[in-house]
Amino acid sequence: MLPALEAVLAEPDVRAADRIVLTGDLLAGPLPRQTLARLRALGDRAVWISGNADREMAAARPGNEPADPMDAWAAGQLGPDELEFLGSLPATVTLEVAGLGPVLFCHATPRNDTEVALVDSRPERWAEVLAGVPDAVRTVVCGHTHMPFVRFTHGRLVVNPGSVGMPYGRPGAHWALLGPGGGAVTLRHTAFDHEAACARIARESDSPSAAAWADTYVRARYSAEEALAAFGPGDGRNTAPGTDG
């Protein structure tokens, strides 16, 4: 969501950062071409990671469109080269971060771009999703569920920065700062003018649902509690021990 992205990129700490890691679901919104241009302008500072929306958009064909109507519309706005670029993005990237050592960045979990693991998921779930992570990696940064949290589990720090463009719980752009201050991890929130952002999206997007989309996601109409209730069953919490989910 371009107005939120621009607000975050204007933050002094982001302007000063050596790397800006983009953890997926990058263009599935009402201004996909403009968002891609702004992200590409970051040059070598940007580290791109694929999310499930990027993967589904890259694979979009007649009869095989993404299930989300906005994602399907956004895929139709991109040319073959741009869709090929989305399809080429890696699922994970590991970077050295001062004070943290090797940090693994992914979209949902290190092994899957749609798998659900939440701040209140049971320890056994976290053991499953982290099982393949190399021992040297003690910090994992994920996303997908759009709700920021930091959790220490099975000897690893798990960080979900939340979502810049489609937050649940409160309006504004959510992101995380890693590294400064001896390896600190800081969850950050950037406020911006929601009314102006909604008006801009409705004015500049060709999507017929742009105004309604902006009203829902720019204003964060879904609470964190509603999102947890929706995502929660996906982590197997309702499955009896010894049964398949």
# chains A, B, ... in the order shown; residues from 1 in each chain; ligands from 1
>>> residues_around(residues="Arg15 (chain A)", least_positions_apart="3", cutoff="12 Å", atoms="only C-alpha atoms", output="VMD selection string")
chain A and resid 6 to 12 18 to 20 42 45 to 46 177
>>> write_last_selection(atoms="C-alpha atoms", output="PDB file, in the first residue's frame")
ATOM      1  CA  GLU A   6       6.339   5.913   1.459  1.00  0.00           C
ATOM      2  CA  ALA A   7       5.763   6.933   5.084  1.00  0.00           C
ATOM      3  CA  VAL A   8       7.995   4.126   6.343  1.00  0.00           C
ATOM      4  CA  LEU A   9      10.725   4.777   3.777  1.00  0.00           C
ATOM      5  CA  ALA A  10      10.796   8.398   4.961  1.00  0.00           C
ATOM      6  CA  GLU A  11      11.629   7.356   8.537  1.00  0.00           C
ATOM      7  CA  PRO A  12      15.184   8.463   9.466  1.00  0.00           C
ATOM      8  CA  ASP A  18      22.123  -0.682   5.238  1.00  0.00           C
ATOM      9  CA  ARG A  19      19.443  -3.123   4.084  1.00  0.00           C
ATOM     10  CA  ILE A  20      15.658  -2.999   3.756  1.00  0.00           C
ATOM     11  CA  LEU A  42      15.781   1.221  -3.403  1.00  0.00           C
ATOM     12  CA  ARG A  45      19.552  -1.851  -0.390  1.00  0.00           C
ATOM     13  CA  ALA A  46      16.406  -3.899  -0.982  1.00  0.00           C
ATOM     14  CA  LEU A 177      14.318  -2.260  13.141  1.00  0.00           C
TER      15      LEU A 177
END
>>> residues_around(residues="region 183-195 of chain A", least_positions_apart="4", cutoff="9 Å", atoms="only C-alpha atoms", output="number ranges by chain")
A: 3-4, 7-8, 11, 97-101, 148-150, 159-162, 164, 171-179, 199-200, 218-219
>>> residues_around(residues="Glu128 (chain A)", least_positions_apart="6", cutoff="12 Å", atoms="only C-alpha atoms", output="VMD selection string")
chain A and resid 109 to 112 115 to 117 121 to 122 153 to 154 235 to 236
>>> closest_residue(among="A:Ala28, A:Ala202, A:Leu104, A:Gly155", to="Asp215 (chain A)", atoms="only C-alpha atoms")
A:Ala202
>>> closest_residue(among="A:Asp81, A:Asp13, A:Glu124, A:Asp113", to="Arg237 (chain A)", atoms="only C-alpha atoms")
A:Glu124
>>> atom_distance(atom1="CA of Ala220 (chain A)", atom2="CA of Tyr168 (chain A)")
5.6 Å
>>> closest_atom_pairs(of="region 55-91 of chain A", to="region 204-207 of chain A", cutoff="10 Å", atoms="only C-alpha atoms", output="JSON lines")
{"residue": "A:Met70", "atom": "CA", "partner": "A:Ser207", "partner_atom": "CA", "distance": 8.0}
{"residue": "A:Trp73", "atom": "CA", "partner": "A:Ser207", "partner_atom": "CA", "distance": 7.2}
{"residue": "A:Ala74", "atom": "CA", "partner": "A:Ser207", "partner_atom": "CA", "distance": 8.3}
{"residue": "A:Gln77", "atom": "CA", "partner": "A:Asp206", "partner_atom": "CA", "distance": 9.4}
>>> write_last_selection(atoms="N, CA, C and O atoms", output="PDB file, in the first residue's frame")
ATOM      1  N   MET A  70      -8.509  -8.579  -5.167  1.00  0.00           N
ATOM      2  CA  MET A  70      -7.525  -7.523  -5.369  1.00  0.00           C
ATOM      3  C   MET A  70      -6.212  -8.091  -5.885  1.00  0.00           C
ATOM      4  O   MET A  70      -5.552  -7.495  -6.747  1.00  0.00           O
ATOM      5  N   TRP A  73      -6.707  -8.818  -9.561  1.00  0.00           N
ATOM      6  CA  TRP A  73      -6.691  -7.570 -10.331  1.00  0.00           C
ATOM      7  C   TRP A  73      -5.257  -7.053 -10.458  1.00  0.00           C
ATOM      8  O   TRP A  73      -4.819  -6.664 -11.553  1.00  0.00           O
ATOM      9  N   ALA A  74      -4.503  -7.056  -9.340  1.00  0.00           N
ATOM     10  CA  ALA A  74      -3.134  -6.542  -9.357  1.00  0.00           C
ATOM     11  C   ALA A  74      -2.253  -7.346 -10.305  1.00  0.00           C
ATOM     12  O   ALA A  74      -1.415  -6.785 -11.023  1.00  0.00           O
ATOM     13  N   GLN A  77      -2.408  -6.209 -13.811  1.00  0.00           N
ATOM     14  CA  GLN A  77      -1.799  -4.916 -14.115  1.00  0.00           C
ATOM     15  C   GLN A  77      -0.313  -5.027 -14.435  1.00  0.00           C
ATOM     16  O   GLN A  77       0.287  -4.066 -14.925  1.00  0.00           O
TER      17      GLN A  77
END
>>> closest_residue(among="A:Val137, A:Ala212, A:Val21, A:Ala75", to="His107 (chain A)", atoms="only C-alpha atoms")
A:Val21
>>> residues_around(residues="region 23-25 of chain A", least_positions_apart="5", cutoff="12 Å", atoms="only C-alpha atoms", output="PDB file with N, CA and C atoms, in the first residue's frame")
ATOM      1  N   MET A   1       0.860  -1.167   0.000  1.00  0.00           N
ATOM      2  CA  MET A   1       0.000   0.000   0.000  1.00  0.00           C
ATOM      3  C   MET A   1       0.904   1.227   0.000  1.00  0.00           C
ATOM      4  N   PRO A  32      -0.168  -1.544  -7.812  1.00  0.00           N
ATOM      5  CA  PRO A  32       0.957  -2.479  -7.925  1.00  0.00           C
ATOM      6  C   PRO A  32       2.126  -1.953  -8.745  1.00  0.00           C
ATOM      7  N   THR A  35       3.922   0.779  -6.778  1.00  0.00           N
ATOM      8  CA  THR A  35       4.636   0.204  -5.628  1.00  0.00           C
ATOM      9  C   THR A  35       5.904  -0.498  -6.086  1.00  0.00           C
ATOM     10  N   LEU A  36       5.827  -1.239  -7.175  1.00  0.00           N
ATOM     11  CA  LEU A  36       7.012  -1.911  -7.700  1.00  0.00           C
ATOM     12  C   LEU A  36       8.088  -0.897  -8.069  1.00  0.00           C
ATOM     13  N   ALA A  46      17.590  -3.059  -1.145  1.00  0.00           N
ATOM     14  CA  ALA A  46      16.406  -3.899  -0.982  1.00  0.00           C
ATOM     15  C   ALA A  46      16.778  -5.372  -1.065  1.00  0.00           C
ATOM     16  N   VAL A  47      16.255  -6.148  -0.119  1.00  0.00           N
ATOM     17  CA  VAL A  47      16.372  -7.603  -0.129  1.00  0.00           C
ATOM     18  C   VAL A  47      14.955  -8.143  -0.281  1.00  0.00           C
ATOM     19  N   TRP A  48      14.689  -8.799  -1.399  1.00  0.00           N
ATOM     20  CA  TRP A  48      13.332  -9.213  -1.758  1.00  0.00           C
ATOM     21  C   TRP A  48      13.087 -10.658  -1.352  1.00  0.00           C
ATOM     22  N   ILE A  49      11.920 -10.917  -0.769  1.00  0.00           N
ATOM     23  CA  ILE A  49      11.497 -12.261  -0.396  1.00  0.00           C
ATOM     24  C   ILE A  49      10.069 -12.463  -0.909  1.00  0.00           C
ATOM     25  N   SER A  50       9.790 -13.648  -1.385  1.00  0.00           N
ATOM     26  CA  SER A  50       8.461 -13.945  -1.915  1.00  0.00           C
ATOM     27  C   SER A  50       7.482 -14.265  -0.798  1.00  0.00           C
ATOM     28  N   GLY A  51       6.264 -13.772  -0.949  1.00  0.00           N
ATOM     29  CA  GLY A  51       5.152 -14.178  -0.106  1.00  0.00           C
ATOM     30  C   GLY A  51       4.167 -14.993  -0.920  1.00  0.00           C
ATOM     31  N   ASN A  52       3.168 -15.528  -0.261  1.00  0.00           N
ATOM     32  CA  ASN A  52       2.199 -16.347  -0.987  1.00  0.00           C
ATOM     33  C   ASN A  52       1.460 -15.545  -2.061  1.00  0.00           C
ATOM     34  N   ALA A  53       1.175 -14.269  -1.791  1.00  0.00           N
ATOM     35  CA  ALA A  53       0.494 -13.461  -2.795  1.00  0.00           C
ATOM     36  C   ALA A  53       1.378 -13.243  -4.016  1.00  0.00           C
ATOM     37  N   ASP A  54       2.679 -13.025  -3.808  1.00  0.00           N
ATOM     38  CA  ASP A  54       3.597 -12.862  -4.933  1.00  0.00           C
ATOM     39  C   ASP A  54       3.659 -14.136  -5.764  1.00  0.00           C
ATOM     40  N   ARG A  55       3.770 -15.268  -5.091  1.00  0.00           N
ATOM     41  CA  ARG A  55       3.819 -16.558  -5.791  1.00  0.00           C
ATOM     42  C   ARG A  55       2.545 -16.792  -6.606  1.00  0.00           C
ATOM     43  N   GLU A  56       1.391 -16.508  -5.998  1.00  0.00           N
ATOM     44  CA  GLU A  56       0.125 -16.729  -6.685  1.00  0.00           C
ATOM     45  C   GLU A  56      -0.063 -15.747  -7.841  1.00  0.00           C
ATOM     46  N   MET A  57       0.367 -14.507  -7.660  1.00  0.00           N
ATOM     47  CA  MET A  57       0.275 -13.537  -8.738  1.00  0.00           C
ATOM     48  C   MET A  57       1.179 -13.932  -9.905  1.00  0.00           C
ATOM     49  N   ALA A  58       2.393 -14.419  -9.605  1.00  0.00           N
ATOM     50  CA  ALA A  58       3.329 -14.813 -10.658  1.00  0.00           C
ATOM     51  C   ALA A  58       2.788 -15.972 -11.482  1.00  0.00           C
ATOM     52  N   ASP A  71      -5.805  -9.262  -5.377  1.00  0.00           N
ATOM     53  CA  ASP A  71      -4.581  -9.893  -5.868  1.00  0.00           C
ATOM     54  C   ASP A  71      -4.724 -10.233  -7.347  1.00  0.00           C
ATOM     55  N   ALA A  74      -4.503  -7.056  -9.340  1.00  0.00           N
ATOM     56  CA  ALA A  74      -3.134  -6.542  -9.357  1.00  0.00           C
ATOM     57  C   ALA A  74      -2.253  -7.346 -10.305  1.00  0.00           C
ATOM     58  N   ALA A  75      -2.436  -8.665 -10.325  1.00  0.00           N
ATOM     59  CA  ALA A  75      -1.653  -9.503 -11.236  1.00  0.00           C
ATOM     60  C   ALA A  75      -1.903  -9.105 -12.680  1.00  0.00           C
ATOM     61  N   LEU A  86       8.500 -11.505  -9.992  1.00  0.00           N
ATOM     62  CA  LEU A  86       7.862 -11.960  -8.758  1.00  0.00           C
ATOM     63  C   LEU A  86       8.082 -13.454  -8.549  1.00  0.00           C
ATOM     64  N   GLY A  87       7.974 -14.212  -9.619  1.00  0.00           N
ATOM     65  CA  GLY A  87       8.140 -15.654  -9.511  1.00  0.00           C
ATOM     66  C   GLY A  87       9.554 -16.088  -9.210  1.00  0.00           C
ATOM     67  N   LEU A  89      11.545 -14.627  -6.949  1.00  0.00           N
ATOM     68  CA  LEU A  89      11.981 -14.217  -5.614  1.00  0.00           C
ATOM     69  C   LEU A  89      12.195 -15.435  -4.711  1.00  0.00           C
ATOM     70  N   PRO A  90      13.203 -15.384  -3.844  1.00  0.00           N
ATOM     71  CA  PRO A  90      13.476 -16.515  -2.948  1.00  0.00           C
ATOM     72  C   PRO A  90      12.467 -16.591  -1.813  1.00  0.00           C
ATOM     73  N   ALA A  91      12.293 -17.797  -1.266  1.00  0.00           N
ATOM     74  CA  ALA A  91      11.375 -17.988  -0.138  1.00  0.00           C
ATOM     75  C   ALA A  91      11.995 -17.540   1.172  1.00  0.00           C
ATOM     76  N   THR A  92      13.312 -17.639   1.300  1.00  0.00           N
ATOM     77  CA  THR A  92      14.002 -17.212   2.518  1.00  0.00           C
ATOM     78  C   THR A  92      15.316 -16.543   2.132  1.00  0.00           C
ATOM     79  N   VAL A  93      15.796 -15.701   3.027  1.00  0.00           N
ATOM     80  CA  VAL A  93      17.121 -15.089   2.903  1.00  0.00           C
ATOM     81  C   VAL A  93      17.724 -15.041   4.303  1.00  0.00           C
ATOM     82  N   THR A  94      19.003 -15.356   4.422  1.00  0.00           N
ATOM     83  CA  THR A  94      19.700 -15.253   5.698  1.00  0.00           C
ATOM     84  C   THR A  94      20.780 -14.179   5.586  1.00  0.00           C
ATOM     85  N   LEU A 104      17.426 -15.316   9.791  1.00  0.00           N
ATOM     86  CA  LEU A 104      16.663 -15.872   8.676  1.00  0.00           C
ATOM     87  C   LEU A 104      15.379 -15.076   8.507  1.00  0.00           C
ATOM     88  N   PHE A 105      15.164 -14.573   7.303  1.00  0.00           N
ATOM     89  CA  PHE A 105      13.955 -13.828   6.959  1.00  0.00           C
ATOM     90  C   PHE A 105      13.093 -14.695   6.049  1.00  0.00           C
ATOM     91  N   CYS A 106      11.791 -14.719   6.313  1.00  0.00           N
ATOM     92  CA  CYS A 106      10.863 -15.491   5.494  1.00  0.00           C
ATOM     93  C   CYS A 106       9.516 -14.766   5.488  1.00  0.00           C
ATOM     94  N   HIS A 107       8.541 -15.354   4.808  1.00  0.00           N
ATOM     95  CA  HIS A 107       7.225 -14.719   4.774  1.00  0.00           C
ATOM     96  C   HIS A 107       6.332 -15.215   5.908  1.00  0.00           C
ATOM     97  N   ALA A 108       6.010 -16.503   5.912  1.00  0.00           N
ATOM     98  CA  ALA A 108       5.132 -17.059   6.953  1.00  0.00           C
ATOM     99  C   ALA A 108       5.937 -17.854   7.970  1.00  0.00           C
ATOM    100  N   THR A 109       6.551 -18.952   7.528  1.00  0.00           N
ATOM    101  CA  THR A 109       7.489 -19.714   8.353  1.00  0.00           C
ATOM    102  C   THR A 109       8.670 -20.088   7.468  1.00  0.00           C
ATOM    103  N   PRO A 110       9.769 -20.550   8.043  1.00  0.00           N
ATOM    104  CA  PRO A 110      10.929 -20.886   7.215  1.00  0.00           C
ATOM    105  C   PRO A 110      10.670 -21.980   6.190  1.00  0.00           C
ATOM    106  N   ASP A 113       5.131 -20.666   2.825  1.00  0.00           N
ATOM    107  CA  ASP A 113       4.715 -19.264   2.771  1.00  0.00           C
ATOM    108  C   ASP A 113       3.263 -19.022   3.155  1.00  0.00           C
ATOM    109  N   THR A 114       2.542 -20.075   3.569  1.00  0.00           N
ATOM    110  CA  THR A 114       1.176 -19.881   4.066  1.00  0.00           C
ATOM    111  C   THR A 114       0.961 -20.481   5.454  1.00  0.00           C
ATOM    112  N   VAL A 140      14.687 -15.425  13.816  1.00  0.00           N
ATOM    113  CA  VAL A 140      13.878 -15.635  12.617  1.00  0.00           C
ATOM    114  C   VAL A 140      12.889 -14.487  12.511  1.00  0.00           C
ATOM    115  N   VAL A 141      12.820 -13.866  11.344  1.00  0.00           N
ATOM    116  CA  VAL A 141      11.865 -12.786  11.083  1.00  0.00           C
ATOM    117  C   VAL A 141      10.849 -13.294  10.075  1.00  0.00           C
ATOM    118  N   CYS A 142       9.577 -13.227  10.446  1.00  0.00           N
ATOM    119  CA  CYS A 142       8.505 -13.752   9.599  1.00  0.00           C
ATOM    120  C   CYS A 142       7.428 -12.681   9.428  1.00  0.00           C
ATOM    121  N   GLY A 143       6.321 -13.054   8.795  1.00  0.00           N
ATOM    122  CA  GLY A 143       5.230 -12.096   8.588  1.00  0.00           C
ATOM    123  C   GLY A 143       3.915 -12.829   8.425  1.00  0.00           C
ATOM    124  N   HIS A 144       3.227 -12.578   7.315  1.00  0.00           N
ATOM    125  CA  HIS A 144       2.045 -13.301   6.843  1.00  0.00           C
ATOM    126  C   HIS A 144       0.765 -12.986   7.612  1.00  0.00           C
ATOM    127  N   THR A 145       0.811 -12.960   8.951  1.00  0.00           N
ATOM    128  CA  THR A 145      -0.409 -12.778   9.723  1.00  0.00           C
ATOM    129  C   THR A 145      -0.699 -11.314  10.072  1.00  0.00           C
ATOM    130  N   HIS A 146       0.193 -10.394   9.691  1.00  0.00           N
ATOM    131  CA  HIS A 146      -0.074  -8.953   9.756  1.00  0.00           C
ATOM    132  C   HIS A 146      -0.202  -8.418  11.179  1.00  0.00           C
ATOM    133  N   VAL A 159      10.515 -12.879  15.361  1.00  0.00           N
ATOM    134  CA  VAL A 159      10.036 -11.505  15.220  1.00  0.00           C
ATOM    135  C   VAL A 159       9.056 -11.442  14.062  1.00  0.00           C
ATOM    136  N   ASN A 160       7.867 -10.944  14.332  1.00  0.00           N
ATOM    137  CA  ASN A 160       6.916 -10.619  13.268  1.00  0.00           C
ATOM    138  C   ASN A 160       6.741  -9.105  13.266  1.00  0.00           C
ATOM    139  N   PRO A 161       7.240  -8.404  12.244  1.00  0.00           N
ATOM    140  CA  PRO A 161       7.136  -6.941  12.239  1.00  0.00           C
ATOM    141  C   PRO A 161       5.722  -6.414  12.067  1.00  0.00           C
ATOM    142  N   GLY A 162       4.774  -7.284  11.678  1.00  0.00           N
ATOM    143  CA  GLY A 162       3.447  -6.809  11.317  1.00  0.00           C
ATOM    144  C   GLY A 162       3.405  -6.455   9.846  1.00  0.00           C
ATOM    145  N   SER A 163       2.487  -5.602   9.454  1.00  0.00           N
ATOM    146  CA  SER A 163       2.291  -5.266   8.041  1.00  0.00           C
ATOM    147  C   SER A 163       2.359  -3.762   7.825  1.00  0.00           C
ATOM    148  N   VAL A 164       3.105  -3.367   6.792  1.00  0.00           N
ATOM    149  CA  VAL A 164       3.131  -1.958   6.412  1.00  0.00           C
ATOM    150  C   VAL A 164       1.783  -1.533   5.831  1.00  0.00           C
ATOM    151  N   GLY A 165       1.218  -2.362   4.934  1.00  0.00           N
ATOM    152  CA  GLY A 165       0.085  -1.909   4.153  1.00  0.00           C
ATOM    153  C   GLY A 165      -1.280  -2.454   4.518  1.00  0.00           C
ATOM    154  N   MET A 166      -1.330  -3.577   5.264  1.00  0.00           N
ATOM    155  CA  MET A 166      -2.636  -4.159   5.623  1.00  0.00           C
ATOM    156  C   MET A 166      -2.606  -4.563   7.099  1.00  0.00           C
ATOM    157  N   TRP A 175       6.482  -2.126  11.228  1.00  0.00           N
ATOM    158  CA  TRP A 175       7.742  -2.634  10.704  1.00  0.00           C
ATOM    159  C   TRP A 175       8.681  -2.876  11.874  1.00  0.00           C
ATOM    160  N   ALA A 176       9.870  -3.378  11.618  1.00  0.00           N
ATOM    161  CA  ALA A 176      10.820  -3.650  12.697  1.00  0.00           C
ATOM    162  C   ALA A 176      12.199  -3.149  12.307  1.00  0.00           C
TER     163      ALA A 176
END
>>> atom_distance(atom1="CA of Leu26 (chain A)", atom2="CA of Pro66 (chain A)")
14.4 Å
>>> select_by_dssp(residues="region 2-132 of chain A", states="alpha helix (DSSP H)", output="number ranges by chain")
A: 2-9, 12-15, 32-40, 52-58, 69-77, 80-87, 123-129
>>> select_by_dssp(residues="region 6-210 of chain A", states="strand (DSSP E or B)", output="VMD selection string")
chain A and resid 20 to 22 46 to 48 92 to 97 101 to 106 109 112 139 to 141 149 to 153 156 to 160 173 to 178 185 to 190
>>> write_last_selection(atoms="N, CA and C atoms", output="compact mmCIF listing (two decimals), in the first residue's frame")
# COMPACT_ATOMS: atom_id res chain seq x y z
N ILE A 20 17.10 -3.04 3.51
CA ILE A 20 15.66 -3.00 3.76
C ILE A 20 15.10 -4.33 3.25
N VAL A 21 14.68 -5.17 4.18
CA VAL A 21 14.22 -6.51 3.83
C VAL A 21 12.71 -6.47 3.63
N LEU A 22 12.28 -6.93 2.47
CA LEU A 22 10.87 -6.92 2.07
C LEU A 22 10.37 -8.36 2.17
N ALA A 46 17.59 -3.06 -1.14
CA ALA A 46 16.41 -3.90 -0.98
C ALA A 46 16.78 -5.37 -1.06
N VAL A 47 16.26 -6.15 -0.12
CA VAL A 47 16.37 -7.60 -0.13
C VAL A 47 14.95 -8.14 -0.28
N TRP A 48 14.69 -8.80 -1.40
CA TRP A 48 13.33 -9.21 -1.76
C TRP A 48 13.09 -10.66 -1.35
N THR A 92 13.31 -17.64 1.30
CA THR A 92 14.00 -17.21 2.52
C THR A 92 15.32 -16.54 2.13
N VAL A 93 15.80 -15.70 3.03
CA VAL A 93 17.12 -15.09 2.90
C VAL A 93 17.72 -15.04 4.30
N THR A 94 19.00 -15.36 4.42
CA THR A 94 19.70 -15.25 5.70
C THR A 94 20.78 -14.18 5.59
N LEU A 95 20.75 -13.21 6.51
CA LEU A 95 21.68 -12.10 6.53
C LEU A 95 22.37 -12.00 7.88
N GLU A 96 23.60 -11.55 7.88
CA GLU A 96 24.29 -11.24 9.13
C GLU A 96 23.82 -9.87 9.61
N VAL A 97 23.39 -9.81 10.86
CA VAL A 97 22.94 -8.57 11.47
C VAL A 97 23.76 -8.32 12.72
N GLY A 101 23.89 -11.93 14.75
CA GLY A 101 24.43 -13.02 13.95
C GLY A 101 23.58 -13.28 12.74
N PRO A 102 23.58 -14.52 12.24
CA PRO A 102 22.74 -14.83 11.08
C PRO A 102 21.27 -14.78 11.43
N VAL A 103 20.51 -14.02 10.66
CA VAL A 103 19.06 -13.88 10.85
C VAL A 103 18.38 -14.41 9.60
N LEU A 104 17.43 -15.32 9.79
CA LEU A 104 16.66 -15.87 8.68
C LEU A 104 15.38 -15.08 8.51
N PHE A 105 15.16 -14.57 7.30
CA PHE A 105 13.96 -13.83 6.96
C PHE A 105 13.09 -14.69 6.05
N CYS A 106 11.79 -14.72 6.31
CA CYS A 106 10.86 -15.49 5.49
C CYS A 106 9.52 -14.77 5.49
N THR A 109 6.55 -18.95 7.53
CA THR A 109 7.49 -19.71 8.35
C THR A 109 8.67 -20.09 7.47
N ASN A 112 7.41 -22.67 4.70
CA ASN A 112 6.15 -22.59 3.97
C ASN A 112 5.65 -21.14 3.97
N THR A 139 17.77 -16.10 15.31
CA THR A 139 16.70 -15.11 15.13
C THR A 139 16.01 -15.38 13.80
N VAL A 140 14.69 -15.42 13.82
CA VAL A 140 13.88 -15.63 12.62
C VAL A 140 12.89 -14.49 12.51
N VAL A 141 12.82 -13.87 11.34
CA VAL A 141 11.87 -12.79 11.08
C VAL A 141 10.85 -13.29 10.07
N PHE A 149 4.72 -9.09 16.69
CA PHE A 149 5.03 -9.68 17.99
C PHE A 149 6.50 -10.08 18.03
N VAL A 150 7.00 -10.26 19.23
CA VAL A 150 8.32 -10.86 19.47
C VAL A 150 8.12 -11.99 20.46
N ARG A 151 8.62 -13.16 20.13
CA ARG A 151 8.48 -14.32 21.01
C ARG A 151 9.80 -15.08 21.06
N PHE A 152 10.20 -15.51 22.26
CA PHE A 152 11.37 -16.36 22.43
C PHE A 152 10.89 -17.79 22.62
N THR A 153 11.32 -18.69 21.74
CA THR A 153 10.84 -20.06 21.80
C THR A 153 11.91 -21.01 21.28
N ARG A 156 15.25 -19.60 20.27
CA ARG A 156 15.32 -18.65 19.16
C ARG A 156 14.37 -17.48 19.40
N LEU A 157 14.78 -16.33 18.91
CA LEU A 157 13.92 -15.15 18.93
C LEU A 157 13.17 -15.10 17.61
N VAL A 158 11.83 -15.05 17.68
CA VAL A 158 10.99 -14.96 16.50
C VAL A 158 10.36 -13.57 16.48
N VAL A 159 10.51 -12.88 15.36
CA VAL A 159 10.04 -11.50 15.22
C VAL A 159 9.06 -11.44 14.06
N ASN A 160 7.87 -10.94 14.33
CA ASN A 160 6.92 -10.62 13.27
C ASN A 160 6.74 -9.11 13.27
N ALA A 173 1.48 2.02 9.76
CA ALA A 173 2.37 1.05 9.14
C ALA A 173 3.26 0.42 10.21
N HIS A 174 3.31 -0.90 10.23
CA HIS A 174 4.10 -1.63 11.21
C HIS A 174 5.34 -2.22 10.55
N TRP A 175 6.48 -2.13 11.23
CA TRP A 175 7.74 -2.63 10.70
C TRP A 175 8.68 -2.88 11.87
N ALA A 176 9.87 -3.38 11.62
CA ALA A 176 10.82 -3.65 12.70
C ALA A 176 12.20 -3.15 12.31
N LEU A 177 12.94 -2.71 13.31
CA LEU A 177 14.32 -2.26 13.14
C LEU A 177 15.24 -3.25 13.84
N LEU A 178 16.20 -3.79 13.12
CA LEU A 178 17.13 -4.77 13.67
C LEU A 178 18.55 -4.24 13.61
N VAL A 185 16.19 -5.57 18.73
CA VAL A 185 15.05 -5.75 17.84
C VAL A 185 13.95 -4.83 18.35
N THR A 186 13.53 -3.89 17.53
CA THR A 186 12.54 -2.91 17.95
C THR A 186 11.36 -2.93 17.00
N LEU A 187 10.17 -3.19 17.54
CA LEU A 187 8.96 -3.09 16.74
C LEU A 187 8.59 -1.62 16.61
N ARG A 188 8.31 -1.19 15.38
CA ARG A 188 8.06 0.22 15.12
C ARG A 188 6.69 0.41 14.48
N HIS A 189 6.16 1.60 14.63
CA HIS A 189 4.86 1.97 14.08
C HIS A 189 4.97 3.37 13.50
N THR A 190 4.56 3.53 12.25
CA THR A 190 4.61 4.82 11.58
C THR A 190 3.19 5.30 11.29
>>> closest_residue(among="A:Ser88, A:Thr239, A:Ser223, A:Asn64", to="Arg170 (chain A)", atoms="only C-alpha atoms")
A:Ser223
>>> atom_distance(atom1="CA of Cys198 (chain A)", atom2="CA of Thr216 (chain A)")
9.7 Å
